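The data block below is input18.cif; it holds mmCIF, C-alpha atoms.
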```cif
data_query
#
loop_
_atom_site.label_atom_id
_atom_site.label_comp_id
_atom_site.auth_asym_id
_atom_site.auth_seq_id
_atom_site.Cartn_x
_atom_site.Cartn_y
_atom_site.Cartn_z
CA MET A 1192 -40.34 51.74 -265.15
CA LYS A 1193 -36.73 51.17 -264.40
CA ILE A 1194 -37.20 52.18 -260.79
CA LEU A 1195 -40.05 49.74 -260.42
CA LYS A 1196 -37.87 46.99 -261.78
CA ILE A 1197 -35.12 47.80 -259.33
CA ILE A 1198 -37.51 47.90 -256.41
CA ALA A 1199 -39.01 44.60 -257.48
CA ILE A 1200 -35.62 42.99 -257.68
CA ILE A 1201 -34.60 44.34 -254.28
CA LEU A 1202 -37.81 43.04 -252.76
CA LEU A 1203 -37.34 39.68 -254.35
CA VAL A 1204 -33.79 39.41 -253.11
CA ALA A 1205 -34.82 40.47 -249.61
CA PHE A 1206 -37.69 38.03 -249.66
CA VAL A 1207 -35.47 35.15 -250.72
CA GLY A 1208 -32.77 36.30 -248.32
CA ILE A 1209 -34.89 36.24 -245.20
CA GLN A 1210 -35.89 32.68 -245.95
CA PHE A 1211 -32.44 31.63 -244.88
CA ILE A 1212 -32.70 33.10 -241.42
CA PRO A 1213 -33.28 30.15 -239.13
CA THR A 1214 -36.26 29.97 -236.80
CA THR A 1215 -36.78 27.71 -233.86
CA ARG A 1216 -39.49 25.17 -234.35
CA ASN A 1217 -41.74 24.36 -231.46
CA GLN A 1218 -41.82 20.61 -231.89
CA SER A 1219 -41.46 17.70 -229.56
CA ASP A 1220 -42.18 13.99 -229.87
CA THR A 1221 -42.64 13.32 -226.21
CA VAL A 1222 -45.44 14.42 -223.96
CA PRO A 1223 -44.10 15.03 -220.47
CA LYS A 1224 -45.72 13.41 -217.44
CA THR A 1225 -46.81 16.82 -216.25
CA ASP A 1226 -49.17 17.27 -219.19
CA PHE A 1227 -52.64 18.59 -218.47
CA MET A 1228 -54.33 15.62 -220.18
CA LEU A 1229 -52.24 13.10 -218.29
CA VAL A 1230 -52.73 14.40 -214.78
CA ASN A 1231 -56.40 15.26 -215.12
CA THR A 1232 -59.29 13.14 -216.27
CA VAL A 1233 -60.28 14.96 -219.39
CA PRO A 1234 -63.25 13.82 -221.49
CA LYS A 1235 -62.40 12.92 -225.10
CA THR A 1236 -64.30 15.83 -226.64
CA ILE A 1237 -62.62 18.33 -224.36
CA GLN A 1238 -59.24 16.76 -225.08
CA LYS A 1239 -59.77 17.17 -228.77
CA LYS A 1240 -60.89 20.75 -228.44
CA LEU A 1241 -57.93 21.67 -226.28
CA GLN A 1242 -55.60 20.01 -228.71
CA VAL A 1243 -57.01 21.79 -231.73
CA SER A 1244 -57.73 25.18 -230.19
CA CYS A 1245 -55.05 25.63 -227.56
CA TYR A 1246 -52.10 23.28 -227.82
CA ASP A 1247 -50.54 24.85 -230.90
CA CYS A 1248 -49.41 27.82 -228.87
CA HIS A 1249 -49.72 26.49 -225.34
CA SER A 1250 -47.65 23.33 -225.50
CA ASN A 1251 -44.25 22.14 -226.66
CA ASN A 1252 -45.63 20.82 -229.90
CA THR A 1253 -47.16 22.93 -232.65
CA GLN A 1254 -48.92 21.48 -235.67
CA TYR A 1255 -47.38 23.92 -238.11
CA PRO A 1256 -49.45 25.34 -240.93
CA TRP A 1257 -47.84 25.38 -244.39
CA TYR A 1258 -47.17 29.11 -244.39
CA ASN A 1259 -44.90 28.84 -241.43
CA LYS A 1260 -42.17 27.92 -243.85
CA ILE A 1261 -42.31 31.39 -245.38
CA GLN A 1262 -40.80 34.41 -243.71
CA PRO A 1263 -41.76 36.74 -242.19
CA ALA A 1264 -44.91 34.82 -241.28
CA ALA A 1265 -42.79 32.35 -239.38
CA TRP A 1266 -41.45 35.09 -237.13
CA PHE A 1267 -44.87 36.18 -236.09
CA LEU A 1268 -45.80 32.61 -235.36
CA GLU A 1269 -42.67 32.10 -233.36
CA ASP A 1270 -43.50 35.17 -231.34
CA HIS A 1271 -47.05 34.06 -230.66
CA ILE A 1272 -45.97 30.63 -229.61
CA LYS A 1273 -43.31 31.98 -227.31
CA GLU A 1274 -45.76 34.35 -225.70
CA GLY A 1275 -48.41 31.64 -225.47
CA LYS A 1276 -46.08 29.20 -223.77
CA ASP A 1277 -44.81 31.81 -221.35
CA GLU A 1278 -48.34 32.42 -220.28
CA LEU A 1279 -49.46 28.82 -220.09
CA ASN A 1280 -47.88 25.57 -221.14
CA PHE A 1281 -50.29 22.67 -220.86
CA ASN A 1282 -47.38 20.23 -221.10
CA GLU A 1283 -46.01 21.54 -217.82
CA TRP A 1284 -49.30 21.76 -216.03
CA ASP A 1285 -48.46 19.63 -213.05
CA SER A 1286 -45.35 21.59 -212.18
CA LEU A 1287 -47.59 24.45 -211.06
CA SER A 1288 -48.72 24.83 -207.47
CA SER A 1289 -52.44 24.43 -206.74
CA ARG A 1290 -52.69 28.16 -206.29
CA ARG A 1291 -51.24 28.85 -209.70
CA LYS A 1292 -53.35 26.14 -211.29
CA ALA A 1293 -56.43 27.84 -209.90
CA SER A 1294 -55.21 31.17 -211.26
CA LYS A 1295 -54.55 29.70 -214.68
CA LEU A 1296 -57.92 27.96 -214.82
CA ARG A 1297 -59.61 31.19 -213.85
CA SER A 1298 -57.77 32.98 -216.63
CA ILE A 1299 -58.66 30.26 -219.13
CA ILE A 1300 -62.33 30.71 -218.30
CA LYS A 1301 -62.09 34.50 -218.61
CA GLN A 1302 -60.23 34.32 -221.88
CA ILE A 1303 -62.65 31.89 -223.49
CA GLU A 1304 -65.70 33.64 -222.10
CA GLY A 1305 -64.45 37.01 -223.29
CA LYS A 1306 -63.61 35.55 -226.72
CA GLU A 1307 -60.06 36.68 -226.26
CA MET A 1308 -58.81 33.17 -226.90
CA PRO A 1309 -58.30 31.53 -229.28
CA LEU A 1310 -56.93 34.59 -231.08
CA ASP A 1311 -58.89 35.82 -234.08
CA SER A 1312 -55.74 35.68 -236.15
CA TYR A 1313 -55.50 32.00 -235.32
CA THR A 1314 -59.10 30.99 -235.94
CA LEU A 1315 -59.08 32.85 -239.25
CA ILE A 1316 -57.01 30.06 -240.69
CA HIS A 1317 -57.72 27.32 -238.15
CA THR A 1318 -61.46 27.53 -238.47
CA ASP A 1319 -61.86 24.30 -236.51
CA ALA A 1320 -60.27 25.98 -233.52
CA LYS A 1321 -63.27 28.23 -233.09
CA PHE A 1322 -65.60 27.54 -230.19
CA SER A 1323 -69.24 26.93 -230.96
CA LYS A 1324 -71.65 28.05 -228.28
CA ALA A 1325 -72.07 24.50 -227.01
CA GLU A 1326 -68.35 23.79 -227.08
CA LYS A 1327 -67.70 26.93 -225.14
CA GLU A 1328 -70.21 26.00 -222.47
CA ASP A 1329 -68.82 22.48 -222.19
CA MET A 1330 -65.29 23.76 -221.90
CA ILE A 1331 -66.16 26.34 -219.27
CA THR A 1332 -68.15 23.81 -217.27
CA PHE A 1333 -65.25 21.40 -217.36
CA ILE A 1334 -62.62 23.98 -216.42
CA THR A 1335 -64.83 25.34 -213.62
CA GLN A 1336 -65.27 21.85 -212.19
CA LEU A 1337 -61.57 21.27 -212.33
CA LYS A 1338 -60.91 24.58 -210.59
CA ASP A 1339 -63.39 23.80 -207.85
CA SER A 1340 -61.87 20.38 -207.29
CA LEU A 1341 -58.41 21.79 -206.61
CA MET B 863 -40.65 41.88 -267.96
CA ASN B 864 -44.36 42.22 -267.58
CA LYS B 865 -44.61 38.65 -266.51
CA LEU B 866 -41.91 39.15 -263.91
CA LYS B 867 -43.69 42.18 -262.58
CA SER B 868 -47.02 40.50 -262.20
CA THR B 869 -45.40 37.47 -260.61
CA LEU B 870 -43.67 39.71 -258.13
CA GLY B 871 -46.91 41.54 -257.56
CA ILE B 872 -48.67 38.31 -256.75
CA ILE B 873 -45.91 37.23 -254.41
CA ALA B 874 -45.97 40.58 -252.68
CA ILE B 875 -49.73 40.51 -252.21
CA ALA B 876 -49.75 36.92 -250.98
CA PHE B 877 -47.02 37.82 -248.64
CA ILE B 878 -48.68 40.90 -247.22
CA THR B 879 -51.88 38.95 -246.77
CA LEU B 880 -50.14 36.26 -244.82
CA THR B 881 -48.33 38.78 -242.74
CA VAL B 882 -51.47 40.65 -241.89
CA VAL B 883 -53.36 37.45 -241.22
CA SER B 884 -50.77 35.99 -238.95
CA CYS B 885 -50.14 39.02 -236.82
CA LYS B 886 -53.50 40.67 -236.52
CA ASP B 887 -53.71 41.07 -232.80
CA ASN B 888 -56.75 40.79 -230.73
CA LYS B 889 -57.58 44.12 -229.20
CA LYS B 890 -61.22 44.01 -228.45
CA GLU B 891 -61.09 42.82 -224.91
CA GLN B 892 -62.25 45.94 -223.25
CA ASN B 893 -65.96 45.93 -223.66
CA ASN B 894 -67.16 42.58 -222.43
CA ALA B 895 -66.62 42.92 -218.78
CA ASP B 896 -67.78 46.48 -218.68
CA GLY B 897 -71.04 45.78 -220.40
CA ASN B 898 -72.03 43.22 -217.82
CA HIS B 899 -71.35 45.44 -214.91
CA SER B 900 -73.41 48.33 -216.02
CA GLU B 901 -76.32 46.06 -216.77
CA MET B 902 -76.06 44.65 -213.32
CA SER B 903 -75.85 47.97 -211.66
CA ASP B 904 -79.27 48.95 -212.86
CA ASP B 905 -80.92 46.15 -210.96
CA VAL B 906 -79.26 46.57 -207.64
CA ASP B 907 -80.12 49.02 -205.00
CA HIS B 908 -76.94 50.80 -204.19
CA SER B 909 -77.92 52.73 -201.16
CA LYS B 910 -77.73 49.53 -199.17
CA MET B 911 -74.16 49.02 -200.11
CA ASN B 912 -72.74 52.26 -198.93
CA HIS B 913 -70.94 51.89 -195.71
CA ASP B 914 -68.62 54.00 -193.70
CA ASN B 915 -67.83 56.62 -196.23
CA SER B 916 -69.01 59.57 -194.27
CA ASP B 917 -65.86 60.91 -192.73
CA GLY B 918 -64.05 61.31 -196.01
CA HIS B 919 -60.82 59.98 -194.69
CA HIS B 920 -58.37 59.02 -197.37
CA ASP B 921 -56.24 55.93 -197.62
CA GLY B 922 -53.43 58.06 -198.89
CA GLU B 923 -52.96 59.83 -195.61
CA LYS B 924 -52.28 56.67 -193.76
CA LYS B 925 -50.19 55.19 -196.46
CA GLU B 926 -47.39 57.64 -195.82
CA MET B 927 -47.03 56.36 -192.32
CA ALA B 928 -46.58 52.77 -193.25
CA MET B 929 -43.13 51.37 -193.17
CA SER B 930 -41.39 51.20 -196.46
CA GLY B 931 -38.36 49.05 -196.66
CA ASP B 932 -37.61 46.40 -199.17
CA GLY B 933 -37.38 42.70 -198.99
CA ASN B 934 -40.18 42.40 -196.47
CA SER B 935 -43.86 41.75 -196.61
CA GLN B 936 -44.72 45.24 -195.42
CA ALA B 937 -43.21 46.64 -198.62
CA VAL B 938 -45.42 44.29 -200.59
CA LEU B 939 -48.44 45.55 -198.71
CA ASN B 940 -47.48 49.17 -199.36
CA ASP B 941 -47.09 48.58 -203.07
CA TYR B 942 -50.35 46.71 -203.10
CA PHE B 943 -52.15 49.62 -201.43
CA ASN B 944 -50.66 52.09 -203.90
CA LEU B 945 -51.81 49.91 -206.74
CA LYS B 946 -55.25 49.66 -205.21
CA ASP B 947 -55.46 53.45 -205.00
CA ALA B 948 -54.56 53.76 -208.68
CA LEU B 949 -57.40 51.39 -209.55
CA VAL B 950 -59.74 53.33 -207.30
CA ALA B 951 -58.75 56.42 -209.28
CA ASP B 952 -59.35 54.61 -212.60
CA ASP B 953 -55.75 55.36 -213.47
CA ASN B 954 -54.67 52.71 -215.94
CA ALA B 955 -51.19 54.11 -216.59
CA LYS B 956 -50.36 54.54 -212.94
CA ALA B 957 -51.64 51.07 -212.14
CA LYS B 958 -49.31 49.71 -214.82
CA THR B 959 -46.30 51.36 -213.23
CA LEU B 960 -47.33 50.30 -209.74
CA GLY B 961 -48.02 46.76 -210.92
CA ALA B 962 -44.46 46.59 -212.17
CA THR B 963 -43.17 48.02 -208.88
CA LEU B 964 -45.12 45.43 -206.93
CA ALA B 965 -43.79 42.63 -209.12
CA THR B 966 -40.23 43.74 -208.37
CA THR B 967 -40.90 44.01 -204.65
CA LEU B 968 -42.41 40.53 -204.67
CA GLU B 969 -39.42 39.15 -206.50
CA ASN B 970 -37.12 40.58 -203.86
CA LEU B 971 -39.18 39.36 -200.96
CA GLU B 972 -37.12 37.22 -198.69
CA ILE B 973 -38.94 34.51 -196.86
CA SER B 974 -37.89 34.61 -193.24
CA SER B 975 -36.47 31.39 -191.85
CA ASN B 976 -38.71 31.79 -188.81
CA PHE B 977 -41.61 30.28 -190.68
CA SER B 978 -42.38 26.58 -190.70
CA ASP B 979 -41.69 24.57 -193.83
CA THR B 980 -45.37 24.47 -194.76
CA GLN B 981 -45.61 28.21 -194.39
CA LYS B 982 -42.49 28.70 -196.47
CA THR B 983 -43.87 26.60 -199.29
CA GLU B 984 -47.18 28.37 -199.05
CA LEU B 985 -45.49 31.77 -199.16
CA LYS B 986 -43.40 30.74 -202.11
CA ASP B 987 -46.53 29.69 -204.02
CA ILE B 988 -48.32 32.88 -203.06
CA ILE B 989 -45.45 35.05 -204.21
CA GLU B 990 -45.06 33.21 -207.48
CA ASP B 991 -48.73 33.60 -208.23
CA ALA B 992 -48.83 37.23 -207.11
CA ILE B 993 -45.85 38.12 -209.31
CA GLU B 994 -47.67 36.81 -212.31
CA HIS B 995 -50.76 38.88 -211.56
CA ALA B 996 -48.70 41.98 -210.85
CA GLU B 997 -46.93 41.53 -214.16
CA HIS B 998 -50.22 41.25 -216.00
CA ILE B 999 -51.40 44.39 -214.28
CA SER B 1000 -48.28 46.15 -215.51
CA LYS B 1001 -49.18 45.34 -219.10
CA ASN B 1002 -52.92 45.53 -219.58
CA GLU B 1003 -55.89 47.83 -219.84
CA ILE B 1004 -57.93 48.56 -216.75
CA ASP B 1005 -60.62 45.88 -216.95
CA HIS B 1006 -57.96 43.28 -217.22
CA GLN B 1007 -55.99 44.88 -214.42
CA ARG B 1008 -59.01 44.59 -212.19
CA GLU B 1009 -59.52 40.93 -213.02
CA HIS B 1010 -55.98 40.24 -211.96
CA PHE B 1011 -56.24 42.51 -208.96
CA LYS B 1012 -58.97 40.27 -207.62
CA ILE B 1013 -56.73 37.22 -207.47
CA LEU B 1014 -53.78 39.30 -206.43
CA SER B 1015 -55.86 40.49 -203.48
CA LYS B 1016 -56.47 36.91 -202.46
CA ASP B 1017 -52.75 36.19 -202.67
CA VAL B 1018 -51.86 39.23 -200.59
CA THR B 1019 -54.56 38.37 -198.03
CA ASP B 1020 -53.15 34.86 -197.71
CA MET B 1021 -49.68 36.30 -197.39
CA VAL B 1022 -50.77 38.59 -194.56
CA ALA B 1023 -52.36 35.59 -192.83
CA ILE B 1024 -48.87 34.15 -192.58
CA THR B 1025 -46.64 37.19 -192.27
CA GLY B 1026 -48.94 39.42 -190.26
CA THR B 1027 -49.11 43.18 -190.66
CA GLU B 1028 -47.77 46.15 -188.71
CA ASN B 1029 -50.89 48.25 -189.12
CA THR B 1030 -54.48 47.19 -189.00
CA VAL B 1031 -55.72 46.16 -192.41
CA TYR B 1032 -59.33 45.96 -193.47
CA GLN B 1033 -60.63 43.28 -195.73
CA GLN B 1034 -63.42 44.78 -197.80
CA PHE B 1035 -65.87 43.14 -200.09
CA CYS B 1036 -67.91 44.15 -203.10
CA PRO B 1037 -70.72 41.68 -203.78
CA MET B 1038 -71.20 42.86 -207.34
CA TYR B 1039 -67.86 42.48 -209.03
CA ASP B 1040 -67.36 39.06 -210.61
CA GLY B 1041 -69.63 37.19 -208.22
CA GLY B 1042 -68.22 38.98 -205.19
CA SER B 1043 -64.67 40.18 -204.76
CA ALA B 1044 -62.56 41.22 -201.81
CA TRP B 1045 -59.62 43.56 -201.40
CA LEU B 1046 -57.50 44.98 -198.63
CA SER B 1047 -57.35 48.56 -197.45
CA MET B 1048 -55.61 50.50 -194.71
CA SER B 1049 -58.71 52.53 -194.10
CA LYS B 1050 -62.20 51.53 -193.06
CA ASP B 1051 -63.66 53.73 -195.79
CA ILE B 1052 -64.90 51.95 -198.83
CA LYS B 1053 -63.15 52.99 -202.02
CA ASN B 1054 -63.88 50.37 -204.56
CA PRO B 1055 -60.87 49.39 -206.73
CA TYR B 1056 -62.99 47.19 -209.01
CA TYR B 1057 -65.33 49.91 -210.15
CA GLY B 1058 -63.51 53.15 -209.35
CA SER B 1059 -65.58 56.25 -209.86
CA LYS B 1060 -68.39 54.22 -211.36
CA MET B 1061 -69.34 52.80 -207.98
CA LEU B 1062 -66.79 54.19 -205.61
CA HIS B 1063 -68.55 53.30 -202.40
CA CYS B 1064 -69.90 49.89 -203.27
CA GLY B 1065 -68.85 47.38 -200.66
CA LYS B 1066 -68.44 46.80 -196.97
CA VAL B 1067 -65.79 45.96 -194.42
CA GLN B 1068 -65.67 42.22 -194.03
CA LYS B 1069 -62.88 41.73 -191.58
CA GLU B 1070 -60.29 43.56 -189.55
CA ILE B 1071 -56.84 42.08 -189.72
CA ASN B 1072 -54.39 43.09 -187.05
#
```
Entire entry expressed as structure tokens:
Amino acid sequence: MKILKIIAIILLVAFVGIQFIPTTRNQSDTVPKTDFMLVNTVPKTIQKKLQVSCYDCHSNNTQYPWYNKIQPAAWFLEDHIKEGKDELNFNEWDSLSSRRKASKLRSIIKQIEGKEMPLDSYTLIHTDAKFSKAEKEDMITFITQLKDSL
Amino acid sequence: MNKLKSTLGIIAIAFITLTVVSCKDNKKEQNNADGNHSEMSDDVDHSKMNHDNSDGHHDGEKKEMAMSGDGNSQAVLNDYFNLKDALVADDNAKAKTLGATLATTLENLEISSNFSDTQKTELKDIIEDAIEHAEHISKNEIDHQREHFKILSKDVTDMVAITGTENTVYQQFCPMYDGGSAWLSMSKDIKNPYYGSKMLHCGKVQKEIN
């Protein structure tokens, strides 16, 4: 019993302790001119879907869920966002060359088609980020058109 | 004490749940692409797609002869051919290593000042794009590697169009992979990097590049 108590206390202290380790928040008030939505003509429904399903990890501004304030969840989030932005940052879309835009669009299509994106871990909580069959088709049609127009 | 324990228990469980939920990674990529291909293969008559594979000549033999220096486009081509051979051999691990090698070679590629400004910009874009694909190849499973290899092949082909090549290079084409996909080879023989052993000889020579 005593051991349990000690373990519990250690855990509690550790848990409280890690809350003080600072994390970088991915937040920004301004949308740069290079943003995907600003340089392309994107239909409202597609805009909304991109915002909800993609922008949290693929832009400079994340709508943080409540649990991000608790460690170590915040670390995992931070990691995902960093990785997501490295791969594709919609805010910086127009800084890419046409060739890279085409590559990115191709990857977007593959990822959505293959249900690799949005991540399951993300849609588990953000249920609205999931793609319905129709939404998926619309998105792929739109991205394909954009790719072909490059 | 009991209360404290159960409170802690609840915290711990909540905590573990959140942790699990937020970091559960998506690892089920592999099957999608594969499934499609094998379905397709049943409907297509393969005998028509076999070309030029009779003499059994291997790419590897020629590869040795190619120049290998660094900082030039020929080195990029060599790395690309090695990578292609790994994909032909269905060797995921080797392709990873070679993808990384190619990425490094691309990063070190110096664009000669002999090119026009347009060509320089074009080359810069090509290299940037190719590096990204090579890096992905260095990190992923084989289906994903092949997806990236397709675009990488386009990049390398466009590069060769500007830089030229010391040896004759063959542009080959497989009509089945992802709506039709091309790659480059040093040999006329078809050895399909998109399907490997599954459909080794699917494809044809599309173009000779000198």
Residue with smallest distance to chain A - pool B:Val938, B:Cys1036, B:Ala992, B:Cys1064, counting all atoms listed in the file: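 Smallest distance to chain A is found for B:Ala992.
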Check the smallest atom-to-atom distance from each of B:Thr983, B:Asn1054, B:Gln936, B:Asn1029 to chain A using only C-alpha atoms, then report the winner. B:Thr983
Using all atoms listed in the file, which chain A residues lie at most 6 Å away from chain B, written as a VMD selection string? chain A and resid 1264 1291 1312
Limited to C-alpha atoms, could you put the picked residues into a file as a tab-separated table (two decimals), in the frame of the given file?
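So selection-v8.tsv came out as:
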```tsv
chain	number	residue	atom	x	y	z
A	1264	ALA	CA	-44.91	34.82	-241.28
A	1291	ARG	CA	-51.24	28.85	-209.70
A	1312	SER	CA	-55.74	35.68	-236.15
```
Ile1272 of chain A surroundings by only C-alpha atoms, 10 Å radius, close-in-sequence under 2 positions cut, as number ranges by chain: A: 1216-1217, 1246-1253, 1266-1270, 1274-1278
With 9 Å as the threshold, what does the neighbourhood of (-63.2, 18.8, -217.5) contain in terms of residues, counting all atoms listed in the file? Coordinates are those of the file; answer as a list in words.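 The distance filter leaves exactly Asn1231, Thr1232, Val1233, Pro1234, Ile1237, Gln1238, Asp1329, Met1330, Ile1331, Thr1332, Phe1333, Ile1334, Thr1335, Gln1336 and Leu1337 of chain A.
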Residues within 8 Å of Asp1226 of chain A, please, as a list in words. Count all atoms listed in the file; anything in the same chain fewer than 3 positions from it doesn't count.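 These residues fall inside the cut-off: Val1222, Pro1223, Leu1229, Val1230, Phe1281, Asn1282, Glu1283, Trp1284 and Asp1285 of chain A.
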Gap from atom CA of Lys1050 of chain B to atom CA of Asp952 of chain B - Å, one decimal: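 According to the coordinates, atom CA of Lys1050 of chain B and atom CA of Asp952 of chain B are separated by 20.0 Å.
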Just checking: using all atoms listed in the file, which residue out of B:Leu985, B:Ile1004, B:Val1031, B:Ala1023 ends up closest to Tyr1056 of chain B?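 Answer, going by the shortest atom-to-atom distance: B:Ile1004.
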Work out how far atom CA of Ser1000 of chain B is from atom CA of Ala962 of chain B, in Å to one decimal.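 Between atom CA of Ala962 of chain B and atom CA of Ser1000 of chain B the gap works out to 5.1 Å.
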